[in-house]
Protein chains: 2
Amino acid sequence: MVTIKDVAKRASVSVSTASRILSRATTEKFSESTQVRVYRASLELGYRANFAAQSLVSGETRIIASVFPRIYGTPFTALASVQILSGIEAFCSANGYHMLLSSPRLIDGKVDSSFVNMLAGGYPDGIIIDSHFQIDPIMEVVQQFGIPTVALGSLSHPYRLQSDNFLGGELVMRHIVDLGHKHIGIIGVPDGVSPAADQRLMGMRIVTDELGLEFDSLPRVNGNFSSDSGASAATELITTHPELTAILAINDRMAMGAILQLQAMNYLIPEQLSITGYDDLSRAGEFNPSITTINQQLASWGELSMQMLLDVIAGQQPEPLVIQPRLIIRKSTAPCPIHDISGANR
Amino acid sequence: MVTIKDVAKRASVSVSTASRILSRATTEKFSESTQVRVYRASLELGYRANFAAQSLVSGETRIIASVFPRIYGTPFTALASVQILSGIEAFCSANGYHMLLSSPRLIDGKVDSSFVNMLAGGYPDGIIIDSHFQIDPIMEVVQQFGIPTVALGSLSHPYRLQSDNFLGGELVMRHIVDLGHKHIGIIGVPDGVSPAADQRLMGMRIVTDELGLEFDSLPRVNGNFSSDSGASAATELITTHPELTAILAINDRMAMGAILQLQAMNYLIPEQLSITGYDDLSRAGEFNPSITTINQQLASWGELSMQMLLDVIAGQQPEPLVIQPRLIIRKSTAPCPIHDISGANR
DNA sequence: TTCATTTACGCAAACGTTTGCGTTTTCAGA
DNA sequence: TCTGAAAACGCAAACGTTTGCGTAAATGAA
């Protein structure tokens, strides 16, 4: 390993001079010739500062920890997580940071020690934690060490990024009623399972209330986010309420399941039934028909959250950020078909 | 920050004693009472060893770098990568390591400096690099620093993990011919684009050769891995060769595109046409019909590669590992329909 | 009592940086 | 020639550990 001592020796200067020149603390004055000698020596030897030594003295590691707790066994495999991660990594690398990826588990209620050791050992300068599902024990640990933190999807953390799920729900419902639909079914999840889902439903309610449509009277079946559950929810909805001309699903996966199922039952999408999703998974665009959905601009989350984190590290107190989702209109929605009094189609 | 000095003071021992006891270098003898005092002090103060200091003296960081080069702009977003990553992370955390995730880019031919700095600065003790696509400049950099490395999907690296793509191709082709199919179409990619794809095709060839079926005479259309390209390849195949009763796609995404397209053309899958994929993406099982495909046991790659890496770090020279893929039979394949002389259906 | 040996522990160097402060050199002004 | 100040650079401490070696106390043998 080539150290700064080697560089100093080769440039015939002291270690401190070499360090100051190489770390560009240009407040100090050094003669042109000295600077050149040092840079040359450094290049010729291929010197790179040892990060452990730097960290020891500076107290910073230039490491950011991305924390995506492992819920139900699954870690950061959700498509959304990967997009965000990718953004964080890109920003880190562009700004001289490195990204540690951690998926802490809960082992009978207690946070796994590997994770605690990482935080306590001083590995990361900052943390970006996925808080879409509140996992209090993990949050507690994170707080405890006082490391600058940004929380994604949290509703309470001082430094947070969240998506405006109310708006998203509103957008999608408004799109449907604007198309003239009145018999609208909902594929949701049970209340309280996911704050995000609750908010999406709330957003829908805002629109129906405006129009005097009673949201609670709309037929609704709950699933569990999975494609399968979407399929069976769709079956139930359409058999108990054949008059429906539109179905709003709370996420894309259930929307996909619903579409496949309804197609199998010989319904034409969107001619007879309009279907919407939420999330804008990449496959939503490749689906047949492509799915009208809500895009949360996840690709930008990485950069935005890192920007916020760097502010926090710098001692500032950035405001929480609320990301505006966008309605993506595709082929799974169409104007309400001419109303058929009987209501039923086959 | 509570240091080992604080612990030593509180336990009224020297720093070295505290260190020796806490690091469990139990070759040394210490009286029961001293040990208890030190442990107690450490607990009461909540002491955790500073990792930078430890790294500086020990020369190791207990950090493993997962390197998934960013090809065509996309990073580790491929489903496969995420599964592997998840496995690596789990193994790391179970063994006291931490995982750094890096997606180096090529900026007009040169490896981005953030990545080089990471390696040169001594961040990782070891590297697991995705080498499914050879990116020589990156590999060169990695070699240069002599950090223990395991390469995934490489054909040449001394320490490597690879999937037996020959076998995979064989399995899927054998399944199809066993079902009685004789008119078989191939959706591939151009030769030389992907070593893995080439091998899969080779594997198929082995089976057809055995049966006296000339592989090169089978109708074949190349795509580019994408769902869309699978769809158009399927169209071309079935219009130019209406006698086909089976189509093997080199990956799941193209198989999905093909199925959707053929269904849109009113072909019944699998009654009229059997279709196979390769990869066993999670959605392959949720597809309609679910897709017969090859599973590469990606979930185990993380653990296996980490195990190998730890061996390399320990100075051993583990053998390359070849993972046996498995055929997953689902609903997209069926026995060859009774042969219709005209060959064409509509 | 003396000497050798074991047991139990402490001293201080080392890892590779950064940085406060001190020292030497240079040079202009008188 | 002398003075003072600015310019250019070096000394050494510090960051928090680990670890080779040395030393004091206790023990046993003679």
# chains A, B, ... in the order shown; residues from 1 in each chain; ligands from 1
call {"tool": "residues_around", "arguments": {"residues": "DT5 in chain C", "least_positions_apart": "5", "cutoff": "10 Å", "atoms": "only C-alpha atoms (C1' of nucleotides)", "output": "ChimeraX atom specification"}}
result
/D:27-29
call {"tool": "closest_atom_pairs", "arguments": {"of": "chain B", "to": "chain C", "cutoff": "12 Å", "atoms": "only C-alpha atoms (C1' of nucleotides)", "output": "JSON lines"}}
result
{"residue": "B:Ala8", "atom": "CA", "partner": "C:DG10", "partner_atom": "C1'", "distance": 11.8}
{"residue": "B:Ser12", "atom": "CA", "partner": "C:DC9", "partner_atom": "C1'", "distance": 11.5}
{"residue": "B:Val13", "atom": "CA", "partner": "C:DC9", "partner_atom": "C1'", "distance": 8.3}
{"residue": "B:Ser14", "atom": "CA", "partner": "C:DG10", "partner_atom": "C1'", "distance": 6.2}
{"residue": "B:Val15", "atom": "CA", "partner": "C:DG10", "partner_atom": "C1'", "distance": 8.5}
{"residue": "B:Ser16", "atom": "CA", "partner": "C:DG10", "partner_atom": "C1'", "distance": 7.4}
{"residue": "B:Thr17", "atom": "CA", "partner": "C:DC9", "partner_atom": "C1'", "distance": 7.0}
{"residue": "B:Ala18", "atom": "CA", "partner": "C:DC9", "partner_atom": "C1'", "distance": 10.5}
{"residue": "B:Arg20", "atom": "CA", "partner": "C:DC9", "partner_atom": "C1'", "distance": 10.8}
{"residue": "B:Ile21", "atom": "CA", "partner": "C:DC9", "partner_atom": "C1'", "distance": 11.6}
{"residue": "B:Glu28", "atom": "CA", "partner": "C:DA8", "partner_atom": "C1'", "distance": 9.0}
{"residue": "B:Lys29", "atom": "CA", "partner": "C:DA8", "partner_atom": "C1'", "distance": 6.9}
{"residue": "B:Phe30", "atom": "CA", "partner": "C:DA8", "partner_atom": "C1'", "distance": 6.0}
{"residue": "B:Ser31", "atom": "CA", "partner": "C:DA8", "partner_atom": "C1'", "distance": 7.2}
{"residue": "B:Glu32", "atom": "CA", "partner": "C:DA8", "partner_atom": "C1'", "distance": 10.9}
{"residue": "B:Ser33", "atom": "CA", "partner": "C:DA8", "partner_atom": "C1'", "distance": 11.6}
{"residue": "B:Thr34", "atom": "CA", "partner": "C:DA8", "partner_atom": "C1'", "distance": 9.7}
{"residue": "B:Gln35", "atom": "CA", "partner": "C:DA8", "partner_atom": "C1'", "distance": 11.6}
{"residue": "B:Ala52", "atom": "CA", "partner": "C:DC15", "partner_atom": "C1'", "distance": 10.7}
{"residue": "B:Ala53", "atom": "CA", "partner": "C:DC15", "partner_atom": "C1'", "distance": 8.5}
{"residue": "B:Gln54", "atom": "CA", "partner": "C:DC15", "partner_atom": "C1'", "distance": 9.2}
{"residue": "B:Ser55", "atom": "CA", "partner": "C:DC15", "partner_atom": "C1'", "distance": 8.6}
{"residue": "B:Leu56", "atom": "CA", "partner": "C:DC15", "partner_atom": "C1'", "distance": 5.2}
{"residue": "B:Val57", "atom": "CA", "partner": "C:DC15", "partner_atom": "C1'", "distance": 4.5}
{"residue": "B:Ser58", "atom": "CA", "partner": "C:DC15", "partner_atom": "C1'", "distance": 7.8}
{"residue": "B:Gly59", "atom": "CA", "partner": "C:DC15", "partner_atom": "C1'", "distance": 8.1}
{"residue": "B:Glu60", "atom": "CA", "partner": "C:DC15", "partner_atom": "C1'", "distance": 11.4}
{"residue": "B:Gly121", "atom": "CA", "partner": "C:DG16", "partner_atom": "C1'", "distance": 11.2}
{"residue": "B:Gly122", "atom": "CA", "partner": "C:DG16", "partner_atom": "C1'", "distance": 11.8}
call {"tool": "write_last_selection", "arguments": {"atoms": "N, CA and C atoms", "output": "short mmCIF file (atom, residue, chain, number, x, y, z; two decimals), in the first residue's frame"}}
result
data_model
loop_
_atom_site.label_atom_id
_atom_site.label_comp_id
_atom_site.auth_asym_id
_atom_site.auth_seq_id
_atom_site.Cartn_x
_atom_site.Cartn_y
_atom_site.Cartn_z
N ALA B 8 -12.02 1.39 29.96
CA ALA B 8 -10.86 1.02 30.77
C ALA B 8 -10.84 1.79 32.08
N SER B 12 -11.17 0.42 35.83
CA SER B 12 -9.83 0.57 36.41
C SER B 12 -8.85 -0.49 35.92
N VAL B 13 -8.75 -0.55 34.61
CA VAL B 13 -7.72 -1.39 34.00
C VAL B 13 -7.08 -0.55 32.91
N SER B 14 -6.04 -1.10 32.30
CA SER B 14 -5.43 -0.38 31.20
C SER B 14 -6.25 -0.59 29.92
N VAL B 15 -6.00 0.28 28.96
CA VAL B 15 -6.70 0.16 27.68
C VAL B 15 -6.43 -1.19 27.04
N SER B 16 -5.20 -1.62 27.12
CA SER B 16 -4.87 -2.86 26.44
C SER B 16 -5.63 -4.03 27.06
N THR B 17 -5.73 -4.03 28.36
CA THR B 17 -6.47 -5.09 29.01
C THR B 17 -7.93 -5.09 28.55
N ALA B 18 -8.50 -3.91 28.55
CA ALA B 18 -9.89 -3.81 28.12
C ALA B 18 -10.04 -4.35 26.70
N ARG B 20 -8.18 -6.43 25.08
CA ARG B 20 -7.98 -7.88 24.98
C ARG B 20 -9.19 -8.64 25.48
N ILE B 21 -9.75 -8.17 26.53
CA ILE B 21 -10.91 -8.87 27.07
C ILE B 21 -12.11 -8.73 26.14
N GLU B 28 -5.11 -15.08 26.25
CA GLU B 28 -4.53 -14.43 27.43
C GLU B 28 -5.39 -14.73 28.66
N LYS B 29 -4.71 -14.71 29.77
CA LYS B 29 -5.42 -15.02 31.01
C LYS B 29 -5.70 -13.74 31.78
N PHE B 30 -6.91 -13.63 32.22
CA PHE B 30 -7.26 -12.50 33.08
C PHE B 30 -8.12 -13.04 34.20
N SER B 31 -7.98 -12.45 35.34
CA SER B 31 -8.75 -12.94 36.48
C SER B 31 -10.24 -12.71 36.23
N GLU B 32 -10.98 -13.60 36.81
CA GLU B 32 -12.43 -13.53 36.69
C GLU B 32 -12.94 -12.12 37.00
N SER B 33 -12.46 -11.58 38.09
CA SER B 33 -13.00 -10.29 38.55
C SER B 33 -12.70 -9.18 37.55
N THR B 34 -11.52 -9.21 36.97
CA THR B 34 -11.19 -8.18 35.98
C THR B 34 -12.11 -8.28 34.78
N GLN B 35 -12.31 -9.49 34.31
CA GLN B 35 -13.17 -9.68 33.16
C GLN B 35 -14.56 -9.13 33.43
N ALA B 52 -13.67 2.54 12.20
CA ALA B 52 -12.57 3.14 11.45
C ALA B 52 -11.24 2.82 12.14
N ALA B 53 -11.23 2.95 13.43
CA ALA B 53 -10.00 2.66 14.17
C ALA B 53 -9.63 1.19 14.02
N GLN B 54 -10.62 0.35 14.14
CA GLN B 54 -10.36 -1.07 13.98
C GLN B 54 -9.80 -1.39 12.61
N SER B 55 -10.41 -0.79 11.61
CA SER B 55 -9.98 -1.05 10.24
C SER B 55 -8.55 -0.59 10.04
N LEU B 56 -8.26 0.55 10.60
CA LEU B 56 -6.94 1.11 10.40
C LEU B 56 -5.86 0.16 10.89
N VAL B 57 -6.08 -0.38 12.05
CA VAL B 57 -5.04 -1.25 12.59
C VAL B 57 -5.11 -2.67 12.03
N SER B 58 -6.31 -3.15 11.80
CA SER B 58 -6.42 -4.54 11.36
C SER B 58 -6.27 -4.66 9.85
N GLY B 59 -6.54 -3.59 9.15
CA GLY B 59 -6.47 -3.67 7.70
C GLY B 59 -7.72 -4.26 7.08
N GLU B 60 -8.70 -4.62 7.88
CA GLU B 60 -9.95 -5.09 7.27
C GLU B 60 -11.15 -4.29 7.75
N GLY B 121 -9.37 3.17 -1.89
CA GLY B 121 -9.38 3.66 -0.52
C GLY B 121 -9.42 2.55 0.50
N GLY B 122 -9.62 1.32 0.02
CA GLY B 122 -9.61 0.19 0.92
C GLY B 122 -10.94 -0.04 1.61
#
call {"tool": "atom_distance", "arguments": {"atom1": "CA of Met306 in chain A", "atom2": "CA of Val150 in chain A"}}
result
8.2 Å
call {"tool": "interface_residues", "arguments": {"of": "chain D", "to": "chain B", "cutoff": "12 Å", "atoms": "only C-alpha atoms (C1' of nucleotides)", "output": "ChimeraX atom specification"}}
result
/D:15-20
call {"tool": "interface_residues", "arguments": {"of": "chain A", "to": "chain B", "cutoff": "9 Å", "atoms": "only C-alpha atoms", "output": "MDAnalysis selection string"}}
result
chainID A and resid 47:56 59 61 63 65 74:77 79 82:83 86 89:90 92:104 112:115 117:118 120:123 227:228 257 260 286:288
call {"tool": "write_last_selection", "arguments": {"atoms": "C-alpha atoms", "output": "PDB file, in the first residue's frame"}}
result
ATOM      1  CA  TYR A  47      -1.482   7.148  -4.257  1.00  0.00           C
ATOM      2  CA  ARG A  48      -5.008   6.955  -2.839  1.00  0.00           C
ATOM      3  CA  ALA A  49      -5.884   8.110   0.609  1.00  0.00           C
ATOM      4  CA  ASN A  50      -6.722   5.291   2.963  1.00  0.00           C
ATOM      5  CA  PHE A  51     -10.285   5.728   3.947  1.00  0.00           C
ATOM      6  CA  ALA A  52     -10.047   4.188   7.391  1.00  0.00           C
ATOM      7  CA  ALA A  53      -7.361   6.613   8.424  1.00  0.00           C
ATOM      8  CA  GLN A  54      -9.274   9.524   6.999  1.00  0.00           C
ATOM      9  CA  SER A  55     -12.416   8.450   8.748  1.00  0.00           C
ATOM     10  CA  LEU A  56     -10.642   8.063  12.029  1.00  0.00           C
ATOM     11  CA  GLY A  59     -15.031  11.388  11.944  1.00  0.00           C
ATOM     12  CA  THR A  61     -16.824   7.909   6.347  1.00  0.00           C
ATOM     13  CA  ILE A  63     -20.819   6.200   3.561  1.00  0.00           C
ATOM     14  CA  ALA A  65     -26.699   3.604   4.657  1.00  0.00           C
ATOM     15  CA  THR A  74     -39.040  -9.773   1.646  1.00  0.00           C
ATOM     16  CA  PRO A  75     -36.382  -7.117   1.704  1.00  0.00           C
ATOM     17  CA  PHE A  76     -35.805  -4.408  -0.854  1.00  0.00           C
ATOM     18  CA  THR A  77     -37.133  -6.573  -3.636  1.00  0.00           C
ATOM     19  CA  LEU A  79     -39.944  -2.853  -7.486  1.00  0.00           C
ATOM     20  CA  VAL A  82     -35.188  -0.914  -6.334  1.00  0.00           C
ATOM     21  CA  GLN A  83     -35.966   2.210  -8.285  1.00  0.00           C
ATOM     22  CA  SER A  86     -30.872   2.949  -7.863  1.00  0.00           C
ATOM     23  CA  GLU A  89     -26.718   4.934  -5.528  1.00  0.00           C
ATOM     24  CA  ALA A  90     -26.386   7.154  -8.565  1.00  0.00           C
ATOM     25  CA  CYS A  92     -23.952   8.893  -3.977  1.00  0.00           C
ATOM     26  CA  SER A  93     -21.510   7.926  -6.610  1.00  0.00           C
ATOM     27  CA  ALA A  94     -21.815  11.301  -8.299  1.00  0.00           C
ATOM     28  CA  ASN A  95     -21.046  13.054  -5.038  1.00  0.00           C
ATOM     29  CA  GLY A  96     -18.224  10.979  -3.660  1.00  0.00           C
ATOM     30  CA  TYR A  97     -20.337   8.945  -1.311  1.00  0.00           C
ATOM     31  CA  HIS A  98     -20.725   5.203  -1.126  1.00  0.00           C
ATOM     32  CA  MET A  99     -23.884   3.316  -0.388  1.00  0.00           C
ATOM     33  CA  LEU A 100     -24.245   0.632   2.207  1.00  0.00           C
ATOM     34  CA  LEU A 101     -27.377  -1.438   1.790  1.00  0.00           C
ATOM     35  CA  SER A 102     -28.930  -2.913   4.862  1.00  0.00           C
ATOM     36  CA  SER A 103     -32.109  -4.889   5.430  1.00  0.00           C
ATOM     37  CA  PRO A 104     -32.481  -5.240   9.153  1.00  0.00           C
ATOM     38  CA  ASP A 112     -30.706  -7.793  14.678  1.00  0.00           C
ATOM     39  CA  SER A 113     -27.319  -6.999  16.100  1.00  0.00           C
ATOM     40  CA  SER A 114     -25.503  -6.751  12.826  1.00  0.00           C
ATOM     41  CA  PHE A 115     -27.537  -3.698  12.042  1.00  0.00           C
ATOM     42  CA  ASN A 117     -23.283  -2.772  15.177  1.00  0.00           C
ATOM     43  CA  MET A 118     -23.180  -1.042  11.867  1.00  0.00           C
ATOM     44  CA  ALA A 120     -22.848   2.017  16.502  1.00  0.00           C
ATOM     45  CA  GLY A 121     -19.530   1.335  14.853  1.00  0.00           C
ATOM     46  CA  GLY A 122     -19.858   4.588  13.015  1.00  0.00           C
ATOM     47  CA  TYR A 123     -20.079   3.181   9.543  1.00  0.00           C
ATOM     48  CA  SER A 227     -52.305 -10.182  -8.432  1.00  0.00           C
ATOM     49  CA  ASP A 228     -54.315 -13.206  -7.378  1.00  0.00           C
ATOM     50  CA  GLY A 257     -54.976  -9.642 -11.780  1.00  0.00           C
ATOM     51  CA  LEU A 260     -56.646 -10.933 -16.665  1.00  0.00           C
ATOM     52  CA  GLU A 286     -46.433  -3.384 -21.368  1.00  0.00           C
ATOM     53  CA  PHE A 287     -49.688  -4.902 -20.296  1.00  0.00           C
ATOM     54  CA  ASN A 288     -52.492  -5.667 -22.690  1.00  0.00           C
TER      55      ASN A 288
END
call {"tool": "select_by_dssp", "arguments": {"residues": "range 113-227 of chain A", "states": "strand (DSSP E)", "output": "list in words"}}
result
Gly126, Ile127, Ile128, Ile129, Asp130, Thr149, Val150, Ala151, Leu152, Arg160, Leu161, Gln162, Ser163, Ile184, Gly185, Ile186, Ile187, Gly188, Arg220, Val221 and Asn222 of chain A
call {"tool": "atom_distance", "arguments": {"atom1": "CA of Thr292 in chain B", "atom2": "CA of Ala196 in chain B"}}
result
18.9 Å
call {"tool": "select_by_dssp", "arguments": {"residues": "range 102-341 of chain B", "states": "alpha helix (DSSP H)", "output": "ChimeraX atom specification"}}
result
/B:113-120,136-144,165-178,195-210,227-240,252-264,282-286,298-313
call {"tool": "atom_distance", "arguments": {"atom1": "CA of Leu106 in chain B", "atom2": "CA of Ile128 in chain A"}}
result
26.4 Å
call {"tool": "residues_around", "arguments": {"residues": "range 155-168 of chain B", "least_positions_apart": "6", "cutoff": "7 Å", "atoms": "only C-alpha atoms (C1' of nucleotides)", "output": "list in words"}}
result
Ala196, Gln199, Arg200, Met202, Gly203, Ile294, Gln296, Ser305, Pro318, Glu319, Pro320, Leu321, Val322, Ile323, Gln324 and Pro325 of chain B
call {"tool": "residues_around", "arguments": {"residues": "Ser131 in chain A", "least_positions_apart": "2", "cutoff": "9 Å", "atoms": "only C-alpha atoms (C1' of nucleotides)", "output": "JSON, numbers by chain"}}
result
{"A": [68, 69, 129, 133, 134, 135, 139, 151, 152, 153, 154, 155]}
call {"tool": "write_last_selection", "arguments": {"atoms": "N, CA and C atoms", "output": "mmCIF file, in the first residue's frame"}}
result
data_model
loop_
_atom_site.group_PDB
_atom_site.id
_atom_site.type_symbol
_atom_site.label_atom_id
_atom_site.label_comp_id
_atom_site.auth_asym_id
_atom_site.auth_seq_id
_atom_site.Cartn_x
_atom_site.Cartn_y
_atom_site.Cartn_z
ATOM 1 N N PHE A 68 -33.616 -0.661 4.226
ATOM 2 C CA PHE A 68 -34.910 -1.145 3.754
ATOM 3 C C PHE A 68 -35.267 -2.374 4.574
ATOM 4 N N PRO A 69 -35.998 -2.146 5.641
ATOM 5 C CA PRO A 69 -36.278 -3.243 6.561
ATOM 6 C C PRO A 69 -36.913 -4.425 5.837
ATOM 7 N N ILE A 129 -33.925 5.810 5.296
ATOM 8 C CA ILE A 129 -34.661 4.618 5.721
ATOM 9 C C ILE A 129 -36.060 4.599 5.135
ATOM 10 N N PHE A 133 -43.652 1.243 5.914
ATOM 11 C CA PHE A 133 -44.293 0.482 6.972
ATOM 12 C C PHE A 133 -43.590 0.857 8.263
ATOM 13 N N GLN A 134 -44.330 1.336 9.219
ATOM 14 C CA GLN A 134 -43.660 1.714 10.455
ATOM 15 C C GLN A 134 -43.131 0.491 11.174
ATOM 16 N N ILE A 135 -41.849 0.485 11.437
ATOM 17 C CA ILE A 135 -41.273 -0.579 12.237
ATOM 18 C C ILE A 135 -40.573 0.105 13.384
ATOM 19 N N MET A 139 -36.723 1.992 14.041
ATOM 20 C CA MET A 139 -36.639 3.443 14.103
ATOM 21 C C MET A 139 -36.005 3.909 15.411
ATOM 22 N N ALA A 151 -36.387 9.902 6.239
ATOM 23 C CA ALA A 151 -37.320 8.786 6.239
ATOM 24 C C ALA A 151 -38.248 8.869 5.044
ATOM 25 N N LEU A 152 -38.306 7.795 4.290
ATOM 26 C CA LEU A 152 -39.157 7.757 3.105
ATOM 27 C C LEU A 152 -40.535 7.224 3.453
ATOM 28 N N GLY A 153 -41.548 7.980 3.117
ATOM 29 C CA GLY A 153 -42.900 7.500 3.327
ATOM 30 C C GLY A 153 -43.390 7.668 4.752
ATOM 31 N N SER A 154 -42.565 8.231 5.591
ATOM 32 C CA SER A 154 -42.988 8.457 6.968
ATOM 33 C C SER A 154 -43.994 9.598 7.025
ATOM 34 N N LEU A 155 -44.812 9.576 8.064
ATOM 35 C CA LEU A 155 -45.767 10.663 8.223
ATOM 36 C C LEU A 155 -45.338 11.591 9.342
#
call {"tool": "residues_around", "arguments": {"residues": "Asp216 in chain B", "least_positions_apart": "2", "cutoff": "12 Å", "atoms": "only C-alpha atoms (C1' of nucleotides)", "output": "number ranges by chain"}}
result
B: 184-186, 201-202, 204-206, 208-209, 212-214, 218-221
call {"tool": "write_last_selection", "arguments": {"atoms": "C-alpha atoms", "output": "CSV table (one decimal), in the first residue's frame"}}
result
chain,number,residue,atom,x,y,z
B,184,ILE,CA,-40.4,-26.2,-33.2
B,185,GLY,CA,-39.6,-22.5,-33.4
B,186,ILE,CA,-37.0,-20.6,-31.6
B,201,LEU,CA,-29.2,-22.4,-27.6
B,202,MET,CA,-26.3,-24.9,-27.6
B,204,MET,CA,-31.1,-27.1,-27.2
B,205,ARG,CA,-29.0,-28.1,-30.2
B,206,ILE,CA,-27.6,-31.1,-28.2
B,208,THR,CA,-32.2,-32.0,-31.5
B,209,ASP,CA,-29.0,-33.4,-32.8
B,212,GLY,CA,-31.6,-36.2,-35.9
B,213,LEU,CA,-33.5,-32.9,-36.0
B,214,GLU,CA,-31.3,-30.4,-37.6
B,218,LEU,CA,-35.6,-25.0,-37.1
B,219,PRO,CA,-37.2,-21.6,-37.8
B,220,ARG,CA,-35.6,-19.0,-35.6
B,221,VAL,CA,-36.2,-15.3,-35.1
call {"tool": "residues_around", "arguments": {"residues": "Gln263 in chain B", "least_positions_apart": "6", "cutoff": "12 Å", "atoms": "only C-alpha atoms (C1' of nucleotides)", "output": "number ranges by chain"}}
result
A: 263-264, 288; B: 231, 234-235, 256-257, 269-275, 288-289, 332, 346
call {"tool": "write_last_selection", "arguments": {"atoms": "N, CA and C atoms", "output": "compact mmCIF listing (two decimals), in the first residue's frame"}}
result
# COMPACT_ATOMS: atom_id res chain seq x y z
N GLN A 263 -60.88 -10.50 -18.44
CA GLN A 263 -60.73 -10.89 -19.85
C GLN A 263 -61.08 -12.36 -20.01
N ALA A 264 -60.64 -13.15 -19.05
CA ALA A 264 -60.95 -14.57 -19.11
C ALA A 264 -62.46 -14.79 -19.05
N ASN A 288 -51.54 -5.71 -21.59
CA ASN A 288 -52.49 -5.67 -22.69
C ASN A 288 -53.91 -5.72 -22.13
N ALA B 231 -42.91 -10.47 -28.92
CA ALA B 231 -44.19 -10.44 -29.62
C ALA B 231 -43.99 -10.43 -31.12
N ALA B 234 -42.69 -13.70 -32.45
CA ALA B 234 -43.73 -14.72 -32.51
C ALA B 234 -44.59 -14.53 -33.76
N THR B 235 -44.95 -13.31 -34.02
CA THR B 235 -45.74 -13.03 -35.23
C THR B 235 -45.03 -13.54 -36.47
N MET B 256 -43.28 -14.09 -22.69
CA MET B 256 -44.53 -13.41 -22.32
C MET B 256 -45.06 -12.59 -23.48
N GLY B 257 -44.17 -11.86 -24.10
CA GLY B 257 -44.59 -11.07 -25.25
C GLY B 257 -45.18 -11.96 -26.33
N ILE B 269 -53.10 -21.18 -26.16
CA ILE B 269 -51.89 -21.66 -25.50
C ILE B 269 -52.33 -22.42 -24.26
N PRO B 270 -51.96 -23.64 -24.07
CA PRO B 270 -51.01 -24.46 -24.83
C PRO B 270 -51.69 -25.42 -25.81
N GLU B 271 -53.01 -25.34 -25.95
CA GLU B 271 -53.67 -26.37 -26.74
C GLU B 271 -53.12 -26.44 -28.17
N GLN B 272 -52.96 -25.27 -28.78
CA GLN B 272 -52.46 -25.30 -30.16
C GLN B 272 -50.95 -25.09 -30.22
N LEU B 273 -50.46 -24.30 -29.30
CA LEU B 273 -49.05 -23.94 -29.32
C LEU B 273 -48.47 -24.01 -27.91
N SER B 274 -47.40 -24.75 -27.76
CA SER B 274 -46.69 -24.76 -26.48
C SER B 274 -45.60 -23.69 -26.52
N ILE B 275 -45.49 -22.96 -25.42
CA ILE B 275 -44.46 -21.91 -25.35
C ILE B 275 -43.63 -22.11 -24.09
N ASN B 288 -50.88 -15.89 -17.45
CA ASN B 288 -52.02 -16.68 -17.88
C ASN B 288 -51.83 -17.08 -19.34
N PRO B 289 -51.49 -18.31 -19.65
CA PRO B 289 -51.22 -19.40 -18.71
C PRO B 289 -49.87 -19.23 -18.05
N SER B 332 -48.06 -23.62 -19.83
CA SER B 332 -47.91 -23.09 -21.19
C SER B 332 -47.44 -24.15 -22.17
N ARG B 346 -56.37 -21.21 -37.54
CA ARG B 346 -56.75 -19.81 -37.31
C ARG B 346 -58.04 -19.82 -36.52
call {"tool": "closest_residue", "arguments": {"among": "B:Val207, B:Gly315, B:His241, B:Pro148", "to": "Asp178 in chain B", "atoms": "only C-alpha atoms"}}
result
B:Val207
